[in-house]
file coords38.cif (mmCIF, N, CA and C atoms)
data_structure
loop_
_atom_site.label_atom_id
_atom_site.label_comp_id
_atom_site.auth_asym_id
_atom_site.auth_seq_id
_atom_site.Cartn_x
_atom_site.Cartn_y
_atom_site.Cartn_z
N MET A 1 108.99 105.92 76.33
CA MET A 1 110.30 106.49 76.11
C MET A 1 111.27 105.35 75.80
N SER A 2 112.08 105.52 74.76
CA SER A 2 113.03 104.48 74.38
C SER A 2 114.19 104.42 75.38
N GLU A 3 114.93 103.30 75.36
CA GLU A 3 116.09 103.14 76.25
C GLU A 3 117.12 104.23 75.99
N THR A 4 117.33 104.56 74.71
CA THR A 4 118.31 105.59 74.36
C THR A 4 117.89 106.94 74.92
N ALA A 5 116.63 107.29 74.74
CA ALA A 5 116.14 108.57 75.26
C ALA A 5 116.20 108.58 76.78
N ARG A 6 115.87 107.46 77.40
CA ARG A 6 115.92 107.37 78.86
C ARG A 6 117.35 107.56 79.35
N ALA A 7 118.31 106.94 78.67
CA ALA A 7 119.71 107.04 79.07
C ALA A 7 120.20 108.48 78.93
N ARG A 8 119.81 109.15 77.85
CA ARG A 8 120.22 110.55 77.65
C ARG A 8 119.59 111.48 78.68
N SER A 9 118.38 111.18 79.10
CA SER A 9 117.69 112.06 80.04
C SER A 9 118.15 111.84 81.48
N GLY A 10 118.88 110.75 81.72
CA GLY A 10 119.34 110.47 83.08
C GLY A 10 118.31 109.72 83.91
N LEU A 11 117.17 109.37 83.33
CA LEU A 11 116.15 108.64 84.07
C LEU A 11 116.57 107.19 84.23
N VAL A 12 116.21 106.61 85.34
CA VAL A 12 116.53 105.22 85.62
C VAL A 12 115.24 104.42 85.53
N ALA A 13 115.27 103.34 84.77
CA ALA A 13 114.11 102.47 84.67
C ALA A 13 114.10 101.53 85.86
N ILE A 14 113.01 101.51 86.58
CA ILE A 14 112.87 100.62 87.73
C ILE A 14 111.78 99.62 87.39
N ASP A 15 112.16 98.35 87.37
CA ASP A 15 111.17 97.34 87.05
C ASP A 15 110.34 96.99 88.29
N HIS A 16 109.30 96.22 88.04
CA HIS A 16 108.34 95.85 89.08
C HIS A 16 109.03 95.11 90.23
N ARG A 17 109.89 94.15 89.90
CA ARG A 17 110.56 93.36 90.94
C ARG A 17 111.46 94.23 91.80
N THR A 18 112.21 95.14 91.18
CA THR A 18 113.10 96.02 91.93
C THR A 18 112.30 96.89 92.89
N ALA A 19 111.18 97.42 92.44
CA ALA A 19 110.34 98.24 93.31
C ALA A 19 109.80 97.43 94.48
N LEU A 20 109.39 96.19 94.22
CA LEU A 20 108.89 95.34 95.30
C LEU A 20 109.99 94.98 96.30
N VAL A 21 111.18 94.70 95.79
CA VAL A 21 112.30 94.36 96.68
C VAL A 21 112.67 95.58 97.52
N ALA A 22 112.71 96.76 96.91
CA ALA A 22 113.03 97.98 97.66
C ALA A 22 111.98 98.23 98.74
N ALA A 23 110.71 98.04 98.39
CA ALA A 23 109.64 98.20 99.39
C ALA A 23 109.79 97.17 100.50
N GLY A 24 110.12 95.93 100.15
CA GLY A 24 110.35 94.89 101.16
C GLY A 24 111.51 95.24 102.07
N ASP A 25 112.61 95.75 101.49
CA ASP A 25 113.75 96.18 102.29
C ASP A 25 113.32 97.20 103.34
N LEU A 26 112.62 98.22 102.87
CA LEU A 26 112.21 99.31 103.77
C LEU A 26 111.21 98.84 104.81
N LEU A 27 110.27 97.98 104.41
CA LEU A 27 109.29 97.46 105.38
C LEU A 27 109.97 96.60 106.45
N LEU A 28 110.92 95.78 106.05
CA LEU A 28 111.62 94.94 107.03
C LEU A 28 112.47 95.78 107.97
N LEU A 29 113.17 96.78 107.44
CA LEU A 29 113.96 97.66 108.31
C LEU A 29 113.05 98.43 109.27
N ALA A 30 111.95 98.96 108.73
CA ALA A 30 111.01 99.68 109.58
C ALA A 30 110.44 98.76 110.65
N GLY A 31 110.07 97.55 110.27
CA GLY A 31 109.53 96.58 111.23
C GLY A 31 110.52 96.26 112.33
N LEU A 32 111.78 96.04 111.96
CA LEU A 32 112.82 95.76 112.94
C LEU A 32 112.97 96.93 113.92
N LEU A 33 112.99 98.14 113.39
CA LEU A 33 113.15 99.31 114.26
C LEU A 33 111.91 99.56 115.12
N ILE A 34 110.74 99.29 114.58
CA ILE A 34 109.50 99.45 115.37
C ILE A 34 109.47 98.45 116.51
N VAL A 35 109.89 97.22 116.26
CA VAL A 35 109.97 96.23 117.35
C VAL A 35 110.91 96.74 118.43
N GLY A 36 112.03 97.32 118.04
CA GLY A 36 112.96 97.89 119.02
C GLY A 36 112.35 99.02 119.82
N VAL A 37 111.60 99.88 119.14
CA VAL A 37 110.93 101.00 119.83
C VAL A 37 109.96 100.44 120.86
N ILE A 38 109.19 99.43 120.48
CA ILE A 38 108.23 98.81 121.40
C ILE A 38 108.95 98.16 122.57
N GLN A 39 110.06 97.46 122.29
CA GLN A 39 110.83 96.81 123.35
C GLN A 39 111.35 97.81 124.38
N HIS A 40 111.54 99.04 123.96
CA HIS A 40 112.03 100.08 124.87
C HIS A 40 110.90 100.90 125.48
N GLY A 41 109.67 100.39 125.38
CA GLY A 41 108.56 100.98 126.09
C GLY A 41 107.85 102.14 125.41
N THR A 42 108.08 102.35 124.14
CA THR A 42 107.40 103.42 123.42
C THR A 42 106.34 102.82 122.52
N ASP A 43 105.17 103.41 122.53
CA ASP A 43 104.10 102.99 121.63
C ASP A 43 104.26 103.77 120.33
N PRO A 44 104.59 103.10 119.22
CA PRO A 44 104.83 103.82 117.97
C PRO A 44 103.62 104.60 117.47
N LEU A 45 102.42 104.14 117.83
CA LEU A 45 101.22 104.87 117.41
C LEU A 45 100.98 106.10 118.28
N ALA A 46 101.34 106.00 119.55
CA ALA A 46 101.17 107.14 120.45
C ALA A 46 102.26 108.19 120.26
N ASP A 47 103.43 107.76 119.81
CA ASP A 47 104.55 108.69 119.61
C ASP A 47 105.20 108.44 118.25
N PRO A 48 104.47 108.77 117.17
CA PRO A 48 105.00 108.50 115.83
C PRO A 48 106.26 109.31 115.50
N LEU A 49 106.39 110.48 116.09
CA LEU A 49 107.57 111.30 115.81
C LEU A 49 108.84 110.63 116.34
N ALA A 50 108.78 110.09 117.54
CA ALA A 50 109.94 109.38 118.10
C ALA A 50 110.26 108.14 117.27
N THR A 51 109.23 107.46 116.79
CA THR A 51 109.44 106.28 115.96
C THR A 51 110.08 106.67 114.63
N ALA A 52 109.58 107.74 114.03
CA ALA A 52 110.16 108.21 112.76
C ALA A 52 111.60 108.66 112.96
N GLU A 53 111.88 109.29 114.09
CA GLU A 53 113.24 109.75 114.36
C GLU A 53 114.18 108.56 114.59
N THR A 54 113.67 107.47 115.09
CA THR A 54 114.47 106.26 115.25
C THR A 54 114.77 105.64 113.88
N MET A 55 113.79 105.65 112.99
CA MET A 55 113.95 105.02 111.68
C MET A 55 114.73 105.88 110.69
N ALA A 56 114.60 107.18 110.77
CA ALA A 56 115.15 108.08 109.75
C ALA A 56 116.63 107.88 109.45
N PRO A 57 117.52 107.81 110.45
CA PRO A 57 118.94 107.67 110.10
C PRO A 57 119.25 106.41 109.29
N PHE A 58 118.54 105.34 109.57
CA PHE A 58 118.82 104.08 108.90
C PHE A 58 118.20 104.04 107.50
N VAL A 59 117.03 104.62 107.34
CA VAL A 59 116.42 104.71 106.01
C VAL A 59 117.24 105.66 105.15
N LEU A 60 117.63 106.81 105.71
CA LEU A 60 118.45 107.77 104.97
C LEU A 60 119.80 107.18 104.58
N ALA A 61 120.33 106.29 105.39
CA ALA A 61 121.59 105.63 105.07
C ALA A 61 121.38 104.50 104.06
N TRP A 62 120.32 103.72 104.24
CA TRP A 62 120.09 102.54 103.41
C TRP A 62 119.90 102.89 101.94
N LEU A 63 119.09 103.88 101.65
CA LEU A 63 118.74 104.16 100.26
C LEU A 63 119.95 104.46 99.38
N PRO A 64 120.81 105.41 99.73
CA PRO A 64 121.97 105.65 98.86
C PRO A 64 123.01 104.53 98.91
N VAL A 65 123.24 103.95 100.08
CA VAL A 65 124.24 102.88 100.18
C VAL A 65 123.79 101.67 99.37
N ALA A 66 122.52 101.31 99.46
CA ALA A 66 122.02 100.17 98.70
C ALA A 66 122.17 100.41 97.20
N ALA A 67 121.88 101.62 96.77
CA ALA A 67 122.03 101.95 95.35
C ALA A 67 123.49 101.88 94.93
N LEU A 68 124.37 102.46 95.74
CA LEU A 68 125.81 102.45 95.42
C LEU A 68 126.40 101.04 95.45
N ALA A 69 125.88 100.19 96.32
CA ALA A 69 126.38 98.82 96.44
C ALA A 69 125.83 97.90 95.34
N GLY A 70 124.93 98.42 94.52
CA GLY A 70 124.38 97.62 93.43
C GLY A 70 123.26 96.69 93.85
N LEU A 71 122.63 96.98 94.98
CA LEU A 71 121.58 96.09 95.48
C LEU A 71 120.30 96.13 94.66
N TYR A 72 120.16 97.15 93.81
CA TYR A 72 118.98 97.22 92.96
C TYR A 72 119.34 97.06 91.48
N ALA A 73 120.56 96.59 91.21
CA ALA A 73 120.99 96.32 89.84
C ALA A 73 120.30 95.07 89.31
N ALA A 74 120.25 94.96 87.99
CA ALA A 74 119.57 93.82 87.37
C ALA A 74 120.16 92.48 87.78
N ASP A 75 121.47 92.44 87.99
CA ASP A 75 122.11 91.17 88.33
C ASP A 75 122.26 90.93 89.84
N ALA A 76 121.64 91.77 90.64
CA ALA A 76 121.76 91.62 92.10
C ALA A 76 121.17 90.31 92.60
N PHE A 77 120.28 89.71 91.82
CA PHE A 77 119.62 88.47 92.23
C PHE A 77 120.02 87.30 91.34
N ALA A 78 121.18 87.42 90.70
CA ALA A 78 121.64 86.37 89.78
C ALA A 78 121.74 85.02 90.48
N SER A 79 122.10 85.05 91.75
CA SER A 79 122.16 83.82 92.55
C SER A 79 121.98 84.21 94.01
N PRO A 80 121.54 83.27 94.84
CA PRO A 80 121.42 83.59 96.26
C PRO A 80 122.76 84.02 96.87
N GLY A 81 123.85 83.38 96.46
CA GLY A 81 125.16 83.75 96.99
C GLY A 81 125.52 85.19 96.68
N ARG A 82 125.27 85.61 95.45
CA ARG A 82 125.56 87.00 95.06
C ARG A 82 124.67 87.96 95.84
N ALA A 83 123.40 87.66 95.95
CA ALA A 83 122.47 88.53 96.68
C ALA A 83 122.90 88.66 98.13
N ILE A 84 123.31 87.57 98.74
CA ILE A 84 123.72 87.59 100.15
C ILE A 84 125.01 88.38 100.33
N ARG A 85 125.97 88.21 99.42
CA ARG A 85 127.21 88.99 99.50
C ARG A 85 126.93 90.48 99.37
N LEU A 86 126.12 90.85 98.38
CA LEU A 86 125.82 92.26 98.16
C LEU A 86 125.09 92.87 99.35
N VAL A 87 124.08 92.18 99.87
CA VAL A 87 123.31 92.75 100.97
C VAL A 87 124.14 92.80 102.25
N THR A 88 125.06 91.87 102.43
CA THR A 88 125.93 91.91 103.61
C THR A 88 126.80 93.16 103.59
N VAL A 89 127.46 93.39 102.47
CA VAL A 89 128.30 94.59 102.35
C VAL A 89 127.44 95.85 102.46
N GLY A 90 126.32 95.85 101.74
CA GLY A 90 125.44 97.02 101.75
C GLY A 90 124.90 97.34 103.12
N TRP A 91 124.41 96.32 103.85
CA TRP A 91 123.83 96.58 105.16
C TRP A 91 124.88 97.00 106.18
N LEU A 92 126.03 96.35 106.18
CA LEU A 92 127.06 96.74 107.15
C LEU A 92 127.50 98.18 106.93
N ALA A 93 127.59 98.59 105.67
CA ALA A 93 127.92 99.99 105.38
C ALA A 93 126.77 100.91 105.80
N ALA A 94 125.55 100.56 105.43
CA ALA A 94 124.39 101.41 105.75
C ALA A 94 124.17 101.50 107.26
N ALA A 95 124.35 100.39 107.96
CA ALA A 95 124.18 100.42 109.42
C ALA A 95 125.18 101.37 110.05
N ASN A 96 126.41 101.35 109.58
CA ASN A 96 127.42 102.26 110.13
C ASN A 96 127.11 103.71 109.80
N VAL A 97 126.67 103.99 108.58
CA VAL A 97 126.28 105.35 108.22
C VAL A 97 125.08 105.77 109.08
N GLY A 98 124.11 104.87 109.24
CA GLY A 98 122.95 105.17 110.08
C GLY A 98 123.34 105.45 111.52
N LEU A 99 124.28 104.69 112.04
CA LEU A 99 124.75 104.91 113.41
C LEU A 99 125.49 106.24 113.54
N ILE A 100 126.25 106.61 112.52
CA ILE A 100 126.91 107.91 112.53
C ILE A 100 125.87 109.02 112.52
N LEU A 101 124.86 108.89 111.67
CA LEU A 101 123.79 109.89 111.63
C LEU A 101 123.07 109.96 112.97
N ARG A 102 122.76 108.80 113.53
CA ARG A 102 122.04 108.76 114.81
C ARG A 102 122.85 109.39 115.94
N SER A 103 124.18 109.30 115.86
CA SER A 103 125.05 109.88 116.88
C SER A 103 125.26 111.38 116.68
N SER A 104 124.83 111.89 115.54
CA SER A 104 125.03 113.31 115.24
C SER A 104 123.99 114.16 115.98
N PRO A 105 124.25 115.45 116.08
CA PRO A 105 123.28 116.34 116.73
C PRO A 105 121.94 116.44 115.98
N ALA A 106 121.91 115.98 114.73
CA ALA A 106 120.68 116.06 113.94
C ALA A 106 119.59 115.12 114.43
N PHE A 107 119.98 114.07 115.16
CA PHE A 107 119.01 113.07 115.62
C PHE A 107 119.17 112.84 117.11
N ASP A 108 118.05 112.57 117.77
CA ASP A 108 118.05 112.24 119.18
C ASP A 108 118.23 110.73 119.32
N GLY A 109 118.93 110.30 120.34
CA GLY A 109 119.00 108.87 120.59
C GLY A 109 120.39 108.35 120.84
N GLY A 110 121.37 108.87 120.14
CA GLY A 110 122.72 108.35 120.33
C GLY A 110 122.86 106.94 119.80
N ALA A 111 124.02 106.36 120.05
CA ALA A 111 124.29 105.01 119.54
C ALA A 111 125.21 104.28 120.50
N ALA A 112 124.65 103.73 121.56
CA ALA A 112 125.42 102.96 122.54
C ALA A 112 125.83 101.62 121.93
N TRP A 113 126.94 101.06 122.41
CA TRP A 113 127.46 99.81 121.85
C TRP A 113 126.44 98.68 121.74
N PRO A 114 125.65 98.41 122.75
CA PRO A 114 124.68 97.31 122.58
C PRO A 114 123.72 97.56 121.41
N PHE A 115 123.28 98.81 121.26
CA PHE A 115 122.39 99.13 120.15
C PHE A 115 123.10 98.92 118.82
N ASN A 116 124.35 99.35 118.73
CA ASN A 116 125.12 99.18 117.49
C ASN A 116 125.17 97.72 117.08
N LEU A 117 125.46 96.86 118.03
CA LEU A 117 125.56 95.43 117.73
C LEU A 117 124.21 94.84 117.36
N VAL A 118 123.17 95.24 118.07
CA VAL A 118 121.82 94.70 117.80
C VAL A 118 121.34 95.12 116.42
N ILE A 119 121.44 96.41 116.10
CA ILE A 119 120.93 96.87 114.81
C ILE A 119 121.74 96.29 113.66
N ALA A 120 123.06 96.23 113.82
CA ALA A 120 123.89 95.66 112.75
C ALA A 120 123.61 94.16 112.59
N GLY A 121 123.56 93.43 113.69
CA GLY A 121 123.36 91.99 113.63
C GLY A 121 121.97 91.58 113.19
N LEU A 122 120.95 92.13 113.83
CA LEU A 122 119.58 91.74 113.47
C LEU A 122 119.21 92.24 112.08
N GLY A 123 119.64 93.46 111.75
CA GLY A 123 119.39 93.97 110.40
C GLY A 123 120.02 93.07 109.35
N LEU A 124 121.23 92.61 109.64
CA LEU A 124 121.92 91.72 108.71
C LEU A 124 121.16 90.41 108.54
N VAL A 125 120.73 89.82 109.63
CA VAL A 125 119.98 88.55 109.56
C VAL A 125 118.70 88.74 108.75
N VAL A 126 117.94 89.77 109.07
CA VAL A 126 116.66 90.01 108.39
C VAL A 126 116.87 90.21 106.89
N LEU A 127 117.83 91.07 106.53
CA LEU A 127 118.05 91.37 105.12
C LEU A 127 118.68 90.20 104.35
N VAL A 128 119.57 89.46 104.99
CA VAL A 128 120.18 88.29 104.32
C VAL A 128 119.11 87.24 104.02
N VAL A 129 118.26 86.96 104.98
CA VAL A 129 117.19 85.97 104.76
C VAL A 129 116.25 86.45 103.65
N TRP A 130 115.84 87.70 103.70
CA TRP A 130 114.94 88.28 102.71
C TRP A 130 115.55 88.26 101.31
N ARG A 131 116.75 88.80 101.18
CA ARG A 131 117.39 88.88 99.87
C ARG A 131 117.77 87.50 99.34
N GLY A 132 118.19 86.60 100.22
CA GLY A 132 118.49 85.23 99.80
C GLY A 132 117.25 84.54 99.27
N ALA A 133 116.11 84.74 99.94
CA ALA A 133 114.85 84.14 99.49
C ALA A 133 114.41 84.71 98.15
N VAL A 134 114.52 86.02 98.00
CA VAL A 134 114.15 86.65 96.72
C VAL A 134 115.02 86.11 95.59
N ALA A 135 116.31 85.99 95.84
CA ALA A 135 117.23 85.48 94.81
C ALA A 135 116.93 84.02 94.49
N ALA A 136 116.62 83.22 95.50
CA ALA A 136 116.31 81.81 95.27
C ALA A 136 115.05 81.67 94.41
N VAL A 137 114.04 82.46 94.70
CA VAL A 137 112.81 82.43 93.90
C VAL A 137 113.09 82.92 92.48
N SER A 138 113.87 83.99 92.36
CA SER A 138 114.20 84.54 91.04
C SER A 138 115.00 83.55 90.21
N ALA A 139 115.90 82.81 90.85
CA ALA A 139 116.74 81.85 90.14
C ALA A 139 115.92 80.68 89.58
N ARG A 140 114.81 80.36 90.23
CA ARG A 140 113.96 79.25 89.77
C ARG A 140 113.11 79.64 88.58
N ARG A 141 112.97 80.93 88.33
CA ARG A 141 112.11 81.39 87.23
C ARG A 141 112.83 81.43 85.93
#
call {"tool": "encode", "arguments": {"input": "coords38.cif", "output": "structure tokens"}}
result
Amino acid sequence: MSETARARSGLVAIDHRTALVAAGDLLLLAGLLIVGVIQHGTDPLADPLATAETMAPFVLAWLPVAALAGLYAADAFASPGRAIRLVTVGWLAAANVGLILRSSPAFDGGAAWPFNLVIAGLGLVVLVVWRGAVAAVSARR
């Protein structure tokens, strides 16, 4: 399909790197949340529903916020500084949306202050390091 036809149809072309970065984002967020589940005494394999319920608000928040923040745009990795700025804004917004979702009646768990700080802070560190590294490697190519 040509670019013109793709644009008219509303389809978005996702390149290989973007798909890998998106998968990395989700794997890192899932890993961070699974570590938290384990730290609180739940075996994610024995109780996958509780683990999924812990992850769902943040994944549901991350996907649209990351897209709106331009985290999957072609120039998102133009430089490590740009990647870090974008992911910082994107994650802080997504973490807050995820916390709002988690505090809603739709999800069990609530959002106590220590959890809010931990998920926002650790998520930010993990994603900044990841996105900064991807941008640094991309800039060398």
call {"tool": "atom_distance", "arguments": {"input": "coords38.cif", "atom1": "atom CA of A:Arg102", "atom2": "atom CA of A:Ala19"}}
result
26.6 Å
call {"tool": "residues_around", "arguments": {"input": "coords38.cif", "residues": "stretch 108-116 of chain A", "least_positions_apart": "3", "cutoff": "10 Å", "atoms": "only C-alpha atoms", "output": "VMD selection string"}}
result
chain A and resid 36 50 53 to 54 95 to 96 98 to 105 119 to 121
call {"tool": "write_last_selection", "arguments": {"input": "coords38.cif", "atoms": "N, CA and C atoms", "output": "mmCIF file, in the frame of the given file"}}
result
data_model
loop_
_atom_site.group_PDB
_atom_site.id
_atom_site.type_symbol
_atom_site.label_atom_id
_atom_site.label_comp_id
_atom_site.auth_asym_id
_atom_site.auth_seq_id
_atom_site.Cartn_x
_atom_site.Cartn_y
_atom_site.Cartn_z
ATOM 1 N N GLY A 36 112.030 97.320 118.040
ATOM 2 C CA GLY A 36 112.960 97.890 119.020
ATOM 3 C C GLY A 36 112.350 99.020 119.820
ATOM 4 N N ALA A 50 108.780 110.090 117.540
ATOM 5 C CA ALA A 50 109.940 109.380 118.100
ATOM 6 C C ALA A 50 110.260 108.140 117.270
ATOM 7 N N GLU A 53 111.880 109.290 114.090
ATOM 8 C CA GLU A 53 113.240 109.750 114.360
ATOM 9 C C GLU A 53 114.180 108.560 114.590
ATOM 10 N N THR A 54 113.670 107.470 115.090
ATOM 11 C CA THR A 54 114.470 106.260 115.250
ATOM 12 C C THR A 54 114.770 105.640 113.880
ATOM 13 N N ALA A 95 124.350 100.390 107.960
ATOM 14 C CA ALA A 95 124.180 100.420 109.420
ATOM 15 C C ALA A 95 125.180 101.370 110.050
ATOM 16 N N ASN A 96 126.410 101.350 109.580
ATOM 17 C CA ASN A 96 127.420 102.260 110.130
ATOM 18 C C ASN A 96 127.110 103.710 109.800
ATOM 19 N N GLY A 98 124.110 104.870 109.240
ATOM 20 C CA GLY A 98 122.950 105.170 110.080
ATOM 21 C C GLY A 98 123.340 105.450 111.520
ATOM 22 N N LEU A 99 124.280 104.690 112.040
ATOM 23 C CA LEU A 99 124.750 104.910 113.410
ATOM 24 C C LEU A 99 125.490 106.240 113.540
ATOM 25 N N ILE A 100 126.250 106.610 112.520
ATOM 26 C CA ILE A 100 126.910 107.910 112.530
ATOM 27 C C ILE A 100 125.870 109.020 112.520
ATOM 28 N N LEU A 101 124.860 108.890 111.670
ATOM 29 C CA LEU A 101 123.790 109.890 111.630
ATOM 30 C C LEU A 101 123.070 109.960 112.970
ATOM 31 N N ARG A 102 122.760 108.800 113.530
ATOM 32 C CA ARG A 102 122.040 108.760 114.810
ATOM 33 C C ARG A 102 122.850 109.390 115.940
ATOM 34 N N SER A 103 124.180 109.300 115.860
ATOM 35 C CA SER A 103 125.050 109.880 116.880
ATOM 36 C C SER A 103 125.260 111.380 116.680
ATOM 37 N N SER A 104 124.830 111.890 115.540
ATOM 38 C CA SER A 104 125.030 113.310 115.240
ATOM 39 C C SER A 104 123.990 114.160 115.980
ATOM 40 N N PRO A 105 124.250 115.450 116.080
ATOM 41 C CA PRO A 105 123.280 116.340 116.730
ATOM 42 C C PRO A 105 121.940 116.440 115.980
ATOM 43 N N ILE A 119 121.440 96.410 116.100
ATOM 44 C CA ILE A 119 120.930 96.870 114.810
ATOM 45 C C ILE A 119 121.740 96.290 113.660
ATOM 46 N N ALA A 120 123.060 96.230 113.820
ATOM 47 C CA ALA A 120 123.890 95.660 112.750
ATOM 48 C C ALA A 120 123.610 94.160 112.590
ATOM 49 N N GLY A 121 123.560 93.430 113.690
ATOM 50 C CA GLY A 121 123.360 91.990 113.630
ATOM 51 C C GLY A 121 121.970 91.580 113.190
#
call {"tool": "atom_distance", "arguments": {"input": "coords38.cif", "atom1": "atom N of A:Val134", "atom2": "atom CA of A:Trp62"}}
result
18.3 Å
call {"tool": "atom_distance", "arguments": {"input": "coords38.cif", "atom1": "atom C of A:Ser138", "atom2": "atom C of A:Ala78"}}
result
6.9 Å
call {"tool": "residues_around", "arguments": {"input": "coords38.cif", "residues": "A:Ile84", "least_positions_apart": "2", "cutoff": "8 Å", "atoms": "only N, CA and C atoms", "output": "list in words"}}
result
Ala76, Phe77, Ser79, Pro80, Gly81, Arg82, Leu86, Val87, Thr88, Val89, Gly90, Leu127, Val128, Val129, Arg131, Gly132, Ala133 and Ala135 of chain A
call {"tool": "select_by_dssp", "arguments": {"input": "coords38.cif", "residues": "stretch 26-134 of chain A", "states": "helix (DSSP H, G or I)", "output": "JSON, numbers by chain"}}
result
{"A": [26, 27, 28, 29, 30, 31, 32, 33, 34, 35, 36, 37, 38, 39, 48, 49, 50, 51, 52, 53, 54, 55, 56, 57, 58, 59, 60, 61, 62, 63, 64, 65, 66, 67, 68, 74, 75, 76, 77, 80, 81, 82, 83, 84, 85, 86, 87, 88, 89, 90, 91, 92, 93, 94, 95, 96, 97, 98, 99, 100, 101, 102, 103, 113, 114, 115, 116, 117, 118, 119, 120, 121, 122, 123, 124, 125, 126, 127, 128, 129, 130, 131, 132, 133, 134]}
call {"tool": "closest_residue", "arguments": {"input": "coords38.cif", "among": "A:Pro48, A:Gly41, A:Gly123, A:Gly70", "to": "A:Leu29", "atoms": "all atoms listed in the file"}}
result
A:Gly123
call {"tool": "closest_residue", "arguments": {"input": "coords38.cif", "among": "A:Leu117, A:Leu122, A:Arg17, A:Leu33", "to": "A:Tyr72", "atoms": "only C-alpha atoms"}}
result
A:Arg17
call {"tool": "residues_around", "arguments": {"input": "coords38.cif", "residues": "A:Gly31", "least_positions_apart": "6", "cutoff": "10 Å", "atoms": "only C-alpha atoms", "output": "JSON, numbers by chain"}}
result
{"A": [25, 37, 55]}
call {"tool": "write_last_selection", "arguments": {"input": "coords38.cif", "atoms": "N, CA and C atoms", "output": "compact mmCIF listing (two decimals), in the frame of the given file"}}
result
# COMPACT_ATOMS: atom_id res chain seq x y z
N ASP A 25 112.61 95.75 101.49
CA ASP A 25 113.75 96.18 102.29
C ASP A 25 113.32 97.20 103.34
N VAL A 37 111.60 99.88 119.14
CA VAL A 37 110.93 101.00 119.83
C VAL A 37 109.96 100.44 120.86
N MET A 55 113.79 105.65 112.99
CA MET A 55 113.95 105.02 111.68
C MET A 55 114.73 105.88 110.69
